[in-house]
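What follows is one structure encoded as structure tokens, with my remarks underneath.
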Protein chains: 2
Amino acid sequence: MKSNASLKELAGFLKAAETILIFTHTNPDGDALGSAAALCRVLRKMGKTSWILMDEEVPEYISFMDTEFVTRDKDCLKDHDVSICVDCGEYGRFPALADKFDEGKLHLCVDHHATGDGFGDHYYIDPSEAATCQLIYKLIKELEAAVAEGSDAATGLIDKTVAESLYTGINTDTGSFQYSNTTADTHAIAADLMAHGIDHTAINVKLYQTIPMTKLKIQASILQRAEFLFGGKVAVGYVTGQMLEEAGAVLDDAEGTIDMLRNIEGVEIAAFLKEKGEAVKVSMRAKSYANVAEIVSVFGGGGHVKAAGCTLEMGMDEALDAIKKAIGEHF
Amino acid sequence: MKSNASLKELAGFLKAAETILIFTHTNPDGDALGSAAALCRVLRKMGKTSWILMDEEVPEYISFMDTEFVTRDKDCLKDHDVSICVDCGEYGRFPALADKFDEGKLHLCVDHHATGDGFGDHYYIDPSEAATCQLIYKLIKELEAAVAEGSDAATGLIDKTVAESLYTGINTDTGSFQYSNTTADTHAIAADLMAHGIDHTAINVKLYQTIPMTKLKIQASILQRAEFLFGGKVAVGYVTGQMLEEAGAVLDDAEGTIDMLRNIEGVEIAAFLKEKGEAVKVSMRAKSYANVAEIVSVFGGGGHVKAAGCTLEMGMDEALDAIKKAIGEHF
């Protein structure tokens, strides 16, 4: 937990502002977009002028989410009162927009990643929270209290759309409430969001029941070539441009393959290597006890104990050998 | 909702009894075993003599659950005070034990399946509940109230083991909180169960991250042979004994294949046919709007709108033709 301001104080800064620009990390996921979308819609309900600034398209798999206030227009606001970044806490996570972030008069940050030593003028970073959307939910509760202050009227800022954004972020960052980061609090928040009449079935169909055929084909091809080492405790898979071509697939279709490998009975460590230009991107997952952050640190990589990655500047064959050797030394 | 007794009244009958025999349906799933295990452990904490009577082994994939009080010994209790069946409400779901159920002096039923017109002397059947484990959770709350009556002491009957049984049942019957049957109540109960310190990570690893390699192999084989009809809206897959043999798999490995087919982008109806002796067992799923119960009713099958099944007394080729024709007529 790194914070120099409470969520109540952050709510106070937002309440006092008129123009607010929201930032999140590049290649946004459900939690990043959900956090930004929920916060932006709530701020607009409070009468603020607010936008979510991105420098890329919203990825296809989360494009069903609330993107009404996402813009790529850097001039949407000028000399705005507040810049706030959600689900990220360092310039490196949104380098192309760092200057615009700085342009705000006040810089806020709400995040759940345990990186850096704090960011902006006022920050609230809590890695014990499963998703930044949980923090945004709590921030909105503080905004409701701030708006209600001195008034008798109960102020509900969470509507169905806001609730769906928050639910989607929490759902994706907890792997459908399965990951170890899920807490009693996670389910309690989900219960409250469900009570807002969200269409959770439609969201889950989009997230988990809309698998492209090309994804299944490339996964079958990867599985066929995967190696199982150390009595099946280690699974090493890879994908090359040629394999993608043969399956009529794109690299995005290989997303999630690392989970497929880890989910195999007996597998403790799964490694997945993707050919990307002249380099190889490596993802690694542990199921129960291994520390994959330690393994990839040898190659200058990083991440969490159970989910980490690195990039190797070499060909696939050489990279496969290096990874297998590093895992072997860990055992 | 079919009931001739409230959960409070059922709790009263259980409190008054000394010896209680618990039944559930054959081929028990997580919700069936979870309901029985949680109830049995709670009754024992109340000082009762109680067993769960089955006439088969607990299936491997849920054998990690609390099975301490499961027995196959029909003589474990004689002329017992209460027979209670959970997650089922008809003799046909546990035919080999029907006589033993009748032997009890009082017959109770707690279920969430919308079949039949009630069962036993006193029953509480609520199809709006996502899982029978949700009903058992509420029944236990009534038992706690009944035990506490006339006493100042708060009575907690739910311990970590009981909470893990209930959580597993709710998790499996809601497909990890994804299915449309999931409600705000489901998450609120999950939040309370999590607060009992359950090892939800271990449970989710057992449920979703322990996939046998043979399962992946037979799924690949099924996918390779699957037919996609009506512009990809319908997926029809099948498995034969020969396919299983080639993959080194058993029929249990094909469990869940129907979900894989339904989860493909664009698929609205998935059908999966299994060769079983001289007959073919058909499972059918709808994703969003189709009514598969209606389709299988042509063959004397039944089930829910989005999940139904039937058995065809014919060979695989003939069965495939019949199913494709019936689906075509539905569209």
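Chain labels run A, B, ... following the order of the structure tokens; each chain numbers its residues from 1, and ligands are numbered from 1 in the order shown.
Residues surrounding A:Asn181 within 12 Å are His112, Pro127, Ser128, Glu129, Ala130, Ala131, Thr132, Gln134, Ile170, Asn171, Thr172, Asp173, Thr174, Gly175, Ser176, Phe177, Gln178, Ala184, Asp185, Thr186, His187, His304 and Lys306 of chain A; Met194, Asp199, His200 and Thr201 of chain B [only C-alpha atoms; sequence separation below 3 positions excluded].
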field: Within 8 Å of A:Ile158 using only C-alpha atoms, minus same-chain residues under 2 positions, as a list in words
entry: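 My reading of the contact set: Val42, Ile140, Gly156, Lys160, Thr161, Val162, Ala163 and His196 of chain A.
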task: Pick out the chain A residues within 6 Å of chain B. Count only C-alpha atoms. Give them as a ChimeraX atom specification.
output: /A:178,180,184,187-188,191,194-195,201,204,209-212,263-265
- request: Name the residues in contact with A:Met54 at a cut-off of 10 Å, using only C-alpha atoms, excluding same-chain residues fewer than 4 positions from it; report them as a VMD selection string.
  value: chain A and resid 22 to 28 58 70 to 74 94 96 to 97
Keeping N, CA and C atoms, export the residues of the selection given above as a PDB file, in the first residue's frame.
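As a result, again-v2.pdb now contains:
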ATOM      1  N   ILE A  22      -8.807  11.793 -18.017  1.00  0.00           N
ATOM      2  CA  ILE A  22      -8.511  10.477 -17.435  1.00  0.00           C
ATOM      3  C   ILE A  22      -7.556   9.708 -18.350  1.00  0.00           C
ATOM      4  N   PHE A  23      -6.556   9.073 -17.759  1.00  0.00           N
ATOM      5  CA  PHE A  23      -5.557   8.296 -18.487  1.00  0.00           C
ATOM      6  C   PHE A  23      -5.530   6.865 -17.948  1.00  0.00           C
ATOM      7  N   THR A  24      -5.133   5.931 -18.800  1.00  0.00           N
ATOM      8  CA  THR A  24      -4.868   4.576 -18.317  1.00  0.00           C
ATOM      9  C   THR A  24      -3.722   3.999 -19.134  1.00  0.00           C
ATOM     10  N   HIS A  25      -3.385   2.735 -18.889  1.00  0.00           N
ATOM     11  CA  HIS A  25      -2.189   2.202 -19.554  1.00  0.00           C
ATOM     12  C   HIS A  25      -2.445   1.795 -21.005  1.00  0.00           C
ATOM     13  N   THR A  26      -1.388   1.771 -21.798  1.00  0.00           N
ATOM     14  CA  THR A  26      -1.495   1.328 -23.183  1.00  0.00           C
ATOM     15  C   THR A  26      -1.930  -0.132 -23.201  1.00  0.00           C
ATOM     16  N   ASN A  27      -2.462  -0.563 -24.342  1.00  0.00           N
ATOM     17  CA  ASN A  27      -3.021  -1.905 -24.463  1.00  0.00           C
ATOM     18  C   ASN A  27      -3.981  -2.160 -23.296  1.00  0.00           C
ATOM     19  N   PRO A  28      -4.986  -1.310 -23.154  1.00  0.00           N
ATOM     20  CA  PRO A  28      -5.869  -1.388 -21.981  1.00  0.00           C
ATOM     21  C   PRO A  28      -6.622  -2.702 -21.923  1.00  0.00           C
ATOM     22  N   VAL A  58      -9.466   0.959 -28.837  1.00  0.00           N
ATOM     23  CA  VAL A  58      -9.821   0.021 -27.777  1.00  0.00           C
ATOM     24  C   VAL A  58      -9.750  -1.390 -28.355  1.00  0.00           C
ATOM     25  N   VAL A  70     -14.372   7.876 -24.587  1.00  0.00           N
ATOM     26  CA  VAL A  70     -12.980   7.655 -24.981  1.00  0.00           C
ATOM     27  C   VAL A  70     -12.679   8.533 -26.198  1.00  0.00           C
ATOM     28  N   THR A  71     -11.577   9.257 -26.160  1.00  0.00           N
ATOM     29  CA  THR A  71     -11.203  10.077 -27.307  1.00  0.00           C
ATOM     30  C   THR A  71      -9.713   9.924 -27.582  1.00  0.00           C
ATOM     31  N   ARG A  72      -9.329  10.166 -28.854  1.00  0.00           N
ATOM     32  CA  ARG A  72      -7.905  10.190 -29.191  1.00  0.00           C
ATOM     33  C   ARG A  72      -7.486  11.622 -29.520  1.00  0.00           C
ATOM     34  N   ASP A  73      -8.396  12.550 -29.240  1.00  0.00           N
ATOM     35  CA  ASP A  73      -8.145  13.967 -29.538  1.00  0.00           C
ATOM     36  C   ASP A  73      -7.440  14.634 -28.351  1.00  0.00           C
ATOM     37  N   LYS A  74      -6.166  14.883 -28.509  1.00  0.00           N
ATOM     38  CA  LYS A  74      -5.380  15.485 -27.419  1.00  0.00           C
ATOM     39  C   LYS A  74      -5.865  16.892 -27.069  1.00  0.00           C
ATOM     40  N   PHE A  94       2.100   4.860 -20.256  1.00  0.00           N
ATOM     41  CA  PHE A  94       1.382   5.615 -21.295  1.00  0.00           C
ATOM     42  C   PHE A  94       2.296   6.717 -21.844  1.00  0.00           C
ATOM     43  N   ALA A  96       3.211   7.970 -24.711  1.00  0.00           N
ATOM     44  CA  ALA A  96       2.845   8.944 -25.748  1.00  0.00           C
ATOM     45  C   ALA A  96       1.954  10.061 -25.209  1.00  0.00           C
ATOM     46  N   LEU A  97       1.402   9.870 -24.002  1.00  0.00           N
ATOM     47  CA  LEU A  97       0.487  10.869 -23.450  1.00  0.00           C
ATOM     48  C   LEU A  97       1.027  11.519 -22.178  1.00  0.00           C
TER      49      LEU A  97
END
- line: Between atom CA of B:Val250 and atom CA of B:Gly232 lies a distance of 28.5 Å
- prompt: atom CA of A:Ala290 and atom CA of A:Ala270 are how many Å apart?
  reply: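 Taking atom CA of A:Ala290 and atom CA of A:Ala270, their separation equals 10.4 Å.
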query: as a ChimeraX atom specification, which residues of stretch 116-256 of chain B does DSSP assign to helix (DSSP H, G or I)?
result: /B:132-148,160-173,184-194,200-208,213-225,230-232,241-247,251-254
Nearby residues (only C-alpha atoms) at most 12 Å from B:Cys85, same-chain spacing under 4 positions excluded, as a count of residues only: 45
- request: Write out as an MDAnalysis selection string all residues of stretch 86-321 of chain B that backbone DSSP assigns to strand (DSSP E).
  value: chainID B and resid 86 106:111 122:125 227:229 234:239 269:276 279:286 302:303 307:312
message: Need the shell around stretch 310-314 of chain A: protein/DNA/RNA residues with any atom at most 10 Å away, counting only C-alpha atoms. Skip same-chain ones fewer than 2 positions apart. Format as an MDAnalysis selection string?
response: chainID A and resid 273:284 293 295:303 308 316:320 322:323
- request: Pick out the residues sitting within 9 Å of B:Ile218, and hand them over as a count of residues only; count only C-alpha atoms, and ignore anything fewer than 4 positions along from it in its own chain.
  value: 14
